[in-house]
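J.: upload37.pdb (PDB, C-alpha atoms and all ligand atoms) pasted underneath:
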ATOM      1  CA  MET C  29      14.251  17.956   1.473
ATOM      2  CA  GLN C  30      11.368  19.878  -0.023
ATOM      3  CA  ASN C  31       8.309  17.713  -0.371
ATOM      4  CA  ASP C  32       5.022  18.979  -1.735
ATOM      5  CA  ASN C  33       3.455  15.582  -2.423
ATOM      6  CA  ASN C  34      -0.136  15.320  -1.434
ATOM      7  CA  ILE C  35      -1.608  12.181   0.127
ATOM      8  CA  ARG C  36      -5.284  11.489   0.696
ATOM      9  CA  GLN C  37      -8.098   8.976   0.362
ATOM     10  CA  ILE C  38      -9.245   8.250  -3.163
ATOM     11  CA  ASN C  39     -12.301  10.253  -4.267
ATOM     12  CA  THR C  40     -15.190   9.095  -6.435
ATOM     13  CA  LYS C  41     -13.767  10.675  -9.612
ATOM     14  CA  GLU C  42     -10.491   8.787  -9.355
ATOM     15  CA  PHE C  43     -11.522   5.122  -9.711
ATOM     16  CA  LYS C  44     -10.622   4.994 -13.414
ATOM     17  CA  THR C  45      -7.379   6.916 -12.872
ATOM     18  CA  VAL C  46      -6.283   4.336 -10.313
ATOM     19  CA  GLU C  47      -7.101   1.502 -12.735
ATOM     20  CA  LEU C  48      -4.905   3.209 -15.360
ATOM     21  CA  PHE C  49      -2.111   3.826 -12.843
ATOM     22  CA  GLN C  50      -1.939   0.072 -12.118
ATOM     23  CA  LYS C  51      -1.807  -0.643 -15.877
ATOM     24  CA  LYS C  52       1.041   1.854 -16.302
ATOM     25  CA  PHE C  53       3.054  -0.073 -13.704
ATOM     26  CA  SER C  54       1.918  -3.555 -14.742
ATOM     27  CA  SER C  55       5.458  -4.875 -14.154
ATOM     28  CA  PHE C  56       4.637  -4.476 -10.439
ATOM     29  CA  PHE C  57       0.849  -4.964 -10.381
ATOM     30  CA  GLY C  58       0.972  -7.915 -12.820
ATOM     31  CA  ASN C  59      -2.287  -9.367 -14.095
ATOM     32  CA  ASN C  60      -4.045  -8.596 -10.868
ATOM     33  CA  ILE C  61      -5.226  -5.126 -11.883
ATOM     34  CA  TRP C  62      -8.336  -3.841 -10.133
ATOM     35  CA  LYS C  63     -11.005  -2.398 -12.431
ATOM     36  CA  SER C  64     -12.665   0.913 -11.562
ATOM     37  CA  ASP C  65     -15.944  -0.825 -10.570
ATOM     38  CA  GLU C  66     -14.083  -3.159  -8.220
ATOM     39  CA  ILE C  67     -12.258  -0.216  -6.676
ATOM     40  CA  LYS C  68     -15.543   1.629  -6.207
ATOM     41  CA  ASN C  69     -17.176  -1.351  -4.490
ATOM     42  CA  PHE C  70     -14.070  -1.939  -2.375
ATOM     43  CA  VAL C  71     -14.089   1.555  -0.875
ATOM     44  CA  THR C  72     -17.741   2.593  -0.918
ATOM     45  CA  THR C  73     -19.555  -0.632   0.022
ATOM     46  CA  LYS C  74     -16.889  -2.436   2.001
ATOM     47  CA  LYS C  75     -15.440   0.628   3.761
ATOM     48  CA  ASN C  76     -11.841  -0.302   3.012
ATOM     49  CA  LEU C  77      -9.049   2.212   2.509
ATOM     50  CA  ILE C  78      -7.346   3.348  -0.680
ATOM     51  CA  LEU C  79      -4.819   6.166  -0.490
ATOM     52  CA  VAL C  80      -3.336   8.011  -3.434
ATOM     53  CA  ALA C  81      -0.288  10.264  -3.571
ATOM     54  CA  PHE C  82      -0.219  13.167  -6.003
ATOM     55  CA  GLU C  83       2.487  15.319  -7.511
ATOM     56  CA  LYS C  84       0.560  18.291  -8.906
ATOM     57  CA  ASP C  85      -2.456  16.500 -10.449
ATOM     58  CA  LYS C  86      -0.700  13.243 -11.343
ATOM     59  CA  ILE C  87      -0.909  10.052  -9.283
ATOM     60  CA  ILE C  88       2.543   8.883  -8.201
ATOM     61  CA  GLY C  89       1.657   6.379  -5.483
ATOM     62  CA  LEU C  90      -1.084   3.985  -4.448
ATOM     63  CA  ALA C  91      -1.778   2.139  -1.207
ATOM     64  CA  ILE C  92      -4.604  -0.380  -0.744
ATOM     65  CA  PHE C  93      -5.695  -1.584   2.697
ATOM     66  CA  ILE C  94      -8.379  -4.171   3.564
ATOM     67  CA  ARG C  95     -10.320  -4.408   6.812
ATOM     68  CA  VAL C  96      -9.952  -7.895   8.239
ATOM     69  CA  GLY C  97     -11.660  -8.524  11.569
ATOM     70  CA  ASP C  98     -10.528  -5.815  13.938
ATOM     71  CA  GLY C  99      -7.368  -5.052  11.951
ATOM     72  CA  LEU C 100      -6.208  -3.646   8.624
ATOM     73  CA  ASP C 101      -4.237  -5.675   6.046
ATOM     74  CA  ILE C 102      -1.903  -4.004   3.579
ATOM     75  CA  TYR C 103      -2.804  -5.325   0.144
ATOM     76  CA  THR C 104      -0.204  -3.195  -1.603
ATOM     77  CA  ILE C 105       1.876  -0.043  -1.297
ATOM     78  CA  PHE C 106       3.530   1.267  -4.423
ATOM     79  CA  VAL C 107       5.390   4.512  -5.068
ATOM     80  CA  GLU C 108       6.491   5.415  -8.596
ATOM     81  CA  PRO C 109      10.292   4.834  -8.728
ATOM     82  CA  LEU C 110      11.165   8.485  -9.463
ATOM     83  CA  PHE C 111       9.403   9.581  -6.277
ATOM     84  CA  ARG C 112      10.785   7.047  -3.796
ATOM     85  CA  ASN C 113      12.798   8.043  -0.701
ATOM     86  CA  LYS C 114      10.705  11.166  -0.224
ATOM     87  CA  SER C 115       8.704   9.762   2.697
ATOM     88  CA  ILE C 116       5.593   9.045   0.607
ATOM     89  CA  GLY C 117       5.501   5.401   1.727
ATOM     90  CA  THR C 118       5.888   6.484   5.346
ATOM     91  CA  LYS C 119       3.041   8.981   4.947
ATOM     92  CA  PHE C 120       0.814   6.222   3.550
ATOM     93  CA  LEU C 121       1.455   4.247   6.739
ATOM     94  CA  GLU C 122       0.791   7.297   8.923
ATOM     95  CA  GLU C 123      -2.575   7.805   7.196
ATOM     96  CA  ALA C 124      -3.388   4.110   7.633
ATOM     97  CA  LYS C 125      -2.614   4.411  11.365
ATOM     98  CA  ASN C 126      -4.986   7.398  11.611
ATOM     99  CA  PHE C 127      -7.671   5.355   9.805
ATOM    100  CA  CYS C 128      -7.182   2.539  12.345
ATOM    101  CA  VAL C 129      -7.551   4.917  15.284
ATOM    102  CA  LEU C 130     -10.715   6.472  13.804
ATOM    103  CA  ASN C 131     -12.218   3.041  13.084
ATOM    104  CA  SER C 132     -11.083   1.283  16.279
ATOM    105  CA  LEU C 133      -8.850  -1.131  14.361
ATOM    106  CA  LYS C 134      -6.116  -2.677  16.470
ATOM    107  CA  ASN C 135      -3.283  -3.566  14.107
ATOM    108  CA  ILE C 136      -1.890  -3.366  10.581
ATOM    109  CA  LYS C 137      -0.606  -6.579   8.958
ATOM    110  CA  LEU C 138       1.061  -7.497   5.707
ATOM    111  CA  GLU C 139       2.752 -10.282   3.804
ATOM    112  CA  VAL C 140       5.931  -9.451   1.948
ATOM    113  CA  ASN C 141       8.246 -11.552  -0.170
ATOM    114  CA  LYS C 142      11.221 -12.522   1.983
ATOM    115  CA  ARG C 143      13.478 -11.438  -0.898
ATOM    116  CA  ASN C 144      12.054  -7.910  -0.972
ATOM    117  CA  GLU C 145      14.669  -6.491   1.404
ATOM    118  CA  LEU C 146      13.899  -2.906   0.510
ATOM    119  CA  ALA C 147      10.268  -3.284   1.526
ATOM    120  CA  ILE C 148      11.119  -5.288   4.669
ATOM    121  CA  ASN C 149      13.531  -2.548   5.799
ATOM    122  CA  PHE C 150      10.923   0.080   5.010
ATOM    123  CA  TYR C 151       8.370  -1.668   7.243
ATOM    124  CA  LYS C 152      10.917  -2.288  10.025
ATOM    125  CA  LYS C 153      11.833   1.404  10.014
ATOM    126  CA  ASN C 154       8.144   2.082  10.467
ATOM    127  CA  ASN C 155       8.061  -0.146  13.575
ATOM    128  CA  PHE C 156       6.531  -3.253  12.029
ATOM    129  CA  PHE C 157       7.899  -6.526  13.363
ATOM    130  CA  CYS C 158       7.981 -10.057  11.925
ATOM    131  CA  VAL C 159       5.319 -12.325  13.364
ATOM    132  CA  GLY C 160       5.527 -15.336  11.052
ATOM    133  CA  LEU C 161       6.721 -16.967   7.865
ATOM    134  CA  ARG C 162       4.692 -18.637   5.114
ATOM    135  CA  LYS C 163       6.888 -21.167   3.348
ATOM    136  CA  ASN C 164       6.591 -21.328  -0.455
ATOM    137  CA  TYR C 165       3.816 -18.707  -0.383
ATOM    138  CA  TYR C 166       4.857 -17.151  -3.713
ATOM    139  CA  GLY C 167       6.116 -20.405  -5.251
ATOM    140  CA  PHE C 168       8.809 -22.991  -4.602
ATOM    141  CA  GLU C 169      11.382 -21.668  -2.112
ATOM    142  CA  ASP C 170       9.746 -18.247  -2.322
ATOM    143  CA  ASP C 171       8.594 -17.463   1.205
ATOM    144  CA  ALA C 172       6.444 -14.677   2.635
ATOM    145  CA  LEU C 173       7.196 -12.842   5.851
ATOM    146  CA  ILE C 174       4.199 -11.770   7.901
ATOM    147  CA  MET C 175       4.717  -8.418   9.572
ATOM    148  CA  GLU C 176       2.554  -6.505  12.008
ATOM    149  CA  LEU C 177       2.239  -3.171  13.739
ATOM    150  CA  ASP C 178       0.051  -2.796  16.806
ATOM    151  CA  ILE C 179      -1.869   0.465  16.976
TER     152      ILE C 179
HETATM  153  C1  LIG J 201       8.547   0.171  -0.329
HETATM  154  C2  LIG J 201       8.119   1.543  -0.887
HETATM  155  C3  LIG J 201       6.603   1.611  -0.893
HETATM  156  C4  LIG J 201       8.682   2.636   0.017
HETATM  157  O1  LIG J 201       8.192   3.887  -0.452
HETATM  158  P1  LIG J 201       9.015   5.255  -0.253
HETATM  159  O2  LIG J 201       8.115   6.367  -0.584
HETATM  160  O3  LIG J 201      10.294   5.178  -0.996
HETATM  161  O4  LIG J 201       9.290   5.186   1.321
HETATM  162  P2  LIG J 201       9.962   6.298   2.258
HETATM  163  O5  LIG J 201      10.543   7.383   1.447
HETATM  164  O6  LIG J 201       8.989   6.643   3.306
HETATM  165  O7  LIG J 201      11.106   5.459   2.947
HETATM  166  C5  LIG J 201      12.082   4.759   2.136
HETATM  167  C6  LIG J 201      13.495   5.143   2.510
HETATM  168  O8  LIG J 201      13.691   6.524   2.281
HETATM  169  C7  LIG J 201      14.223   7.133   3.451
HETATM  170  N1  LIG J 201      13.673   8.476   3.471
HETATM  171  C8  LIG J 201      12.450   8.839   3.877
HETATM  172  N2  LIG J 201      12.321  10.180   3.777
HETATM  173  C9  LIG J 201      13.470  10.649   3.252
HETATM  174  C10 LIG J 201      13.922  11.939   2.897
HETATM  175  N3  LIG J 201      13.156  13.030   3.063
HETATM  176  N4  LIG J 201      15.153  12.050   2.355
HETATM  177  C11 LIG J 201      15.937  10.959   2.196
HETATM  178  N5  LIG J 201      15.548   9.720   2.506
HETATM  179  C12 LIG J 201      14.341   9.572   3.048
HETATM  180  C13 LIG J 201      13.724   6.277   4.559
HETATM  181  O9  LIG J 201      14.531   6.369   5.717
HETATM  182  C14 LIG J 201      13.855   4.925   3.938
HETATM  183  O10 LIG J 201      15.216   4.545   3.994
HETATM  184  P3  LIG J 201      15.742   3.102   3.712
HETATM  185  O11 LIG J 201      15.779   2.952   2.213
HETATM  186  O12 LIG J 201      17.108   3.051   4.297
HETATM  187  O13 LIG J 201      14.767   2.162   4.348
HETATM  188  C15 LIG J 201       8.681   1.768  -2.318
HETATM  189  O14 LIG J 201      10.053   1.494  -2.318
HETATM  190  C16 LIG J 201       8.009   0.931  -3.392
HETATM  191  O15 LIG J 201       7.015   1.332  -3.994
HETATM  192  N6  LIG J 201       8.566  -0.273  -3.683
HETATM  193  C17 LIG J 201       8.027  -1.154  -4.719
HETATM  194  C18 LIG J 201       6.729  -1.777  -4.286
HETATM  195  C19 LIG J 201       6.902  -2.655  -3.067
HETATM  196  O16 LIG J 201       7.809  -3.493  -2.982
HETATM  197  N7  LIG J 201       5.984  -2.480  -2.093
HETATM  198  C20 LIG J 201       6.032  -3.208  -0.841
HETATM  199  C21 LIG J 201       5.392  -4.523  -0.920
HETATM  200  S1  LIG J 201       3.636  -4.356  -0.979
END
What would the structure in this file look like if it were written as structure tokens?
T.:
Amino acid sequence: MQNDNNIRQINTKEFKTVELFQKKFSSFFGNNIWKSDEIKNFVTTKKNLILVAFEKDKIIGLAIFIRVGDGLDIYTIFVEPLFRNKSIGTKFLEEAKNFCVLNSLKNIKLEVNKRNELAINFYKKNNFFCVGLRKNYYGFEDDALIMELDI
């Protein structure tokens, strides 16, 4: 399948664009939308990782990773529905692995809703494995799976 999507780290001119992208998909991002100043601080001061995927000059995907100890946590990965199944999510993970190698980080971890089968399969296909369960993490009888990939 032809795929000319472009994936890279966010640049300093894109903080506002990423804020607007989250607002556009508020059904996924909810009320927890990061403002451009927060995004700036998150990547420039705290040396975390934000990746964006582009189709021409339009953002179609966003992935946010947080350094925790000697590992990297996935805060979120989101690909615009029209552009799913084109390996963009997988490329986000590949870039995150490269970031880990460059920064001597040893693993990538995430929490995912146990009901989000699509995402769980996506992570399993990318060699993540389940390392734990957090009961009622998202609410009553709404558990989180903890998944991990060693670098
Ligand atoms: C989970 C998510 C990020 C995956 O993104 P994606 O870009 O669709 O991921 P990929 O294309 O790399 O892989 C997804 C599937 O497409 C398949 N695929 C990958 N490249 C493909 C290609 N060129 N042609 C056909 N299929 C392909 C993969 O095998 C995988 O198959 P599966 O559905 O059987 O698991 C995306 O579905 C999403 O944004 N979901 C909503 C947000 C969410 O739940 N995020 C996770 C919790 S934080």
J.: Under the rule of at most 7 Å, produce a per-residue listing of chain C near ligand LIG 201 (chain J): chain, number, name, the closest pair of atoms, and the distance in Å, as JSON lines, using only C-alpha atoms and all ligand atoms.
T.:
{"residue": "C:Met29", "atom": "CA", "partner": "J:LIG201", "partner_atom": "N3", "distance": 5.3}
{"residue": "C:Tyr103", "atom": "CA", "partner": "J:LIG201", "partner_atom": "S1", "distance": 6.6}
{"residue": "C:Thr104", "atom": "CA", "partner": "J:LIG201", "partner_atom": "S1", "distance": 4.1}
{"residue": "C:Ile105", "atom": "CA", "partner": "J:LIG201", "partner_atom": "S1", "distance": 4.7}
{"residue": "C:Phe106", "atom": "CA", "partner": "J:LIG201", "partner_atom": "O15", "distance": 3.5}
{"residue": "C:Val107", "atom": "CA", "partner": "J:LIG201", "partner_atom": "O15", "distance": 3.7}
{"residue": "C:Glu108", "atom": "CA", "partner": "J:LIG201", "partner_atom": "O15", "distance": 6.2}
{"residue": "C:Pro109", "atom": "CA", "partner": "J:LIG201", "partner_atom": "O15", "distance": 6.7}
{"residue": "C:Phe111", "atom": "CA", "partner": "J:LIG201", "partner_atom": "O2", "distance": 6.7}
{"residue": "C:Arg112", "atom": "CA", "partner": "J:LIG201", "partner_atom": "O3", "distance": 3.4}
{"residue": "C:Asn113", "atom": "CA", "partner": "J:LIG201", "partner_atom": "O5", "distance": 3.2}
{"residue": "C:Lys114", "atom": "CA", "partner": "J:LIG201", "partner_atom": "O5", "distance": 4.1}
{"residue": "C:Ser115", "atom": "CA", "partner": "J:LIG201", "partner_atom": "O6", "distance": 3.2}
{"residue": "C:Ile116", "atom": "CA", "partner": "J:LIG201", "partner_atom": "O2", "distance": 3.9}
{"residue": "C:Gly117", "atom": "CA", "partner": "J:LIG201", "partner_atom": "O2", "distance": 3.6}
{"residue": "C:Thr118", "atom": "CA", "partner": "J:LIG201", "partner_atom": "O6", "distance": 3.7}
{"residue": "C:Lys119", "atom": "CA", "partner": "J:LIG201", "partner_atom": "O6", "distance": 6.6}
{"residue": "C:Val140", "atom": "CA", "partner": "J:LIG201", "partner_atom": "C21", "distance": 5.7}
{"residue": "C:Asn144", "atom": "CA", "partner": "J:LIG201", "partner_atom": "O16", "distance": 6.4}
{"residue": "C:Leu146", "atom": "CA", "partner": "J:LIG201", "partner_atom": "C1", "distance": 6.2}
{"residue": "C:Ala147", "atom": "CA", "partner": "J:LIG201", "partner_atom": "C1", "distance": 4.3}
{"residue": "C:Asn149", "atom": "CA", "partner": "J:LIG201", "partner_atom": "O13", "distance": 5.1}
{"residue": "C:Phe150", "atom": "CA", "partner": "J:LIG201", "partner_atom": "O13", "distance": 4.4}
{"residue": "C:Lys153", "atom": "CA", "partner": "J:LIG201", "partner_atom": "O13", "distance": 6.4}
J.: Would you please work out which residue, of C:Lys74, C:Leu110, C:Ala91, C:Ser55, is nearest to Ile38 (chain C) when using all atoms listed in the file?
T.: C:Ala91
J.: Report as a PyMOL selection string the full result of the PyMOL selection byres (((chain C and resi 123-131) around 10) and not hetatm) when it is applied to this structure.
T.: chain C and resi 35-37+76-79+91-93+95+98-102+118-122+132-136+177-179
J.: When you draw a straight line from CA of Val71 (chain C) to CA of Asn39 (chain C), how long is it in Å?
T.: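 For CA of Val71 (chain C) relative to CA of Asn39 (chain C), the distance reads 9.5 Å.
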J.: Counting all atoms listed in the file, note down every residue that has an atom within 12 Å of the point (-9.9, -0.5, -12.4) (file coordinates), as a PyMOL selection string.
T.: chain C and resi 42-52+57+59-70
J.: Suppose you want the space between CA of Lys75 (chain C) and CA of Glu176 (chain C); what is it in Å?
T.: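 Separation of CA of Lys75 (chain C) and CA of Glu176 (chain C): 21.0 Å.
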J.: Using only C-alpha atoms, pick whichever of C:Ile174, C:Ile148, C:Cys158, C:Leu90 has the shortest atom-to-atom distance to Phe56 (chain C).
T.: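 Closest residue, counting only C-alpha atoms: C:Leu90.
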J.: Rounded to one decimal in Å, what is the spacing between CA of Gly97 (chain C) and CA of Ala172 (chain C)?
T.: 21.1 Å
J.: Hey, which of C:Leu173, C:Leu161, C:Ile94, C:Val80 ends up closest to Glu145 (chain C)? Count all atoms listed in the file.
T.: C:Leu173
J.: Counting only C-alpha atoms, what are the residues of region 63-144 of chain C within 8 Å of region 165-171 of chain C, and for each of them which pair of atoms is the nearest and at what distance in Å, to one decimal? Sort the table by chain and rising number, as a Markdown table.
T.:
| residue | atom | partner | partner_atom | distance |
| --- | --- | --- | --- | --- |
| C:Asn141 | CA | C:Asp171 | CA | 6.1 |
| C:Lys142 | CA | C:Asp171 | CA | 5.6 |
| C:Arg143 | CA | C:Asp170 | CA | 7.9 |
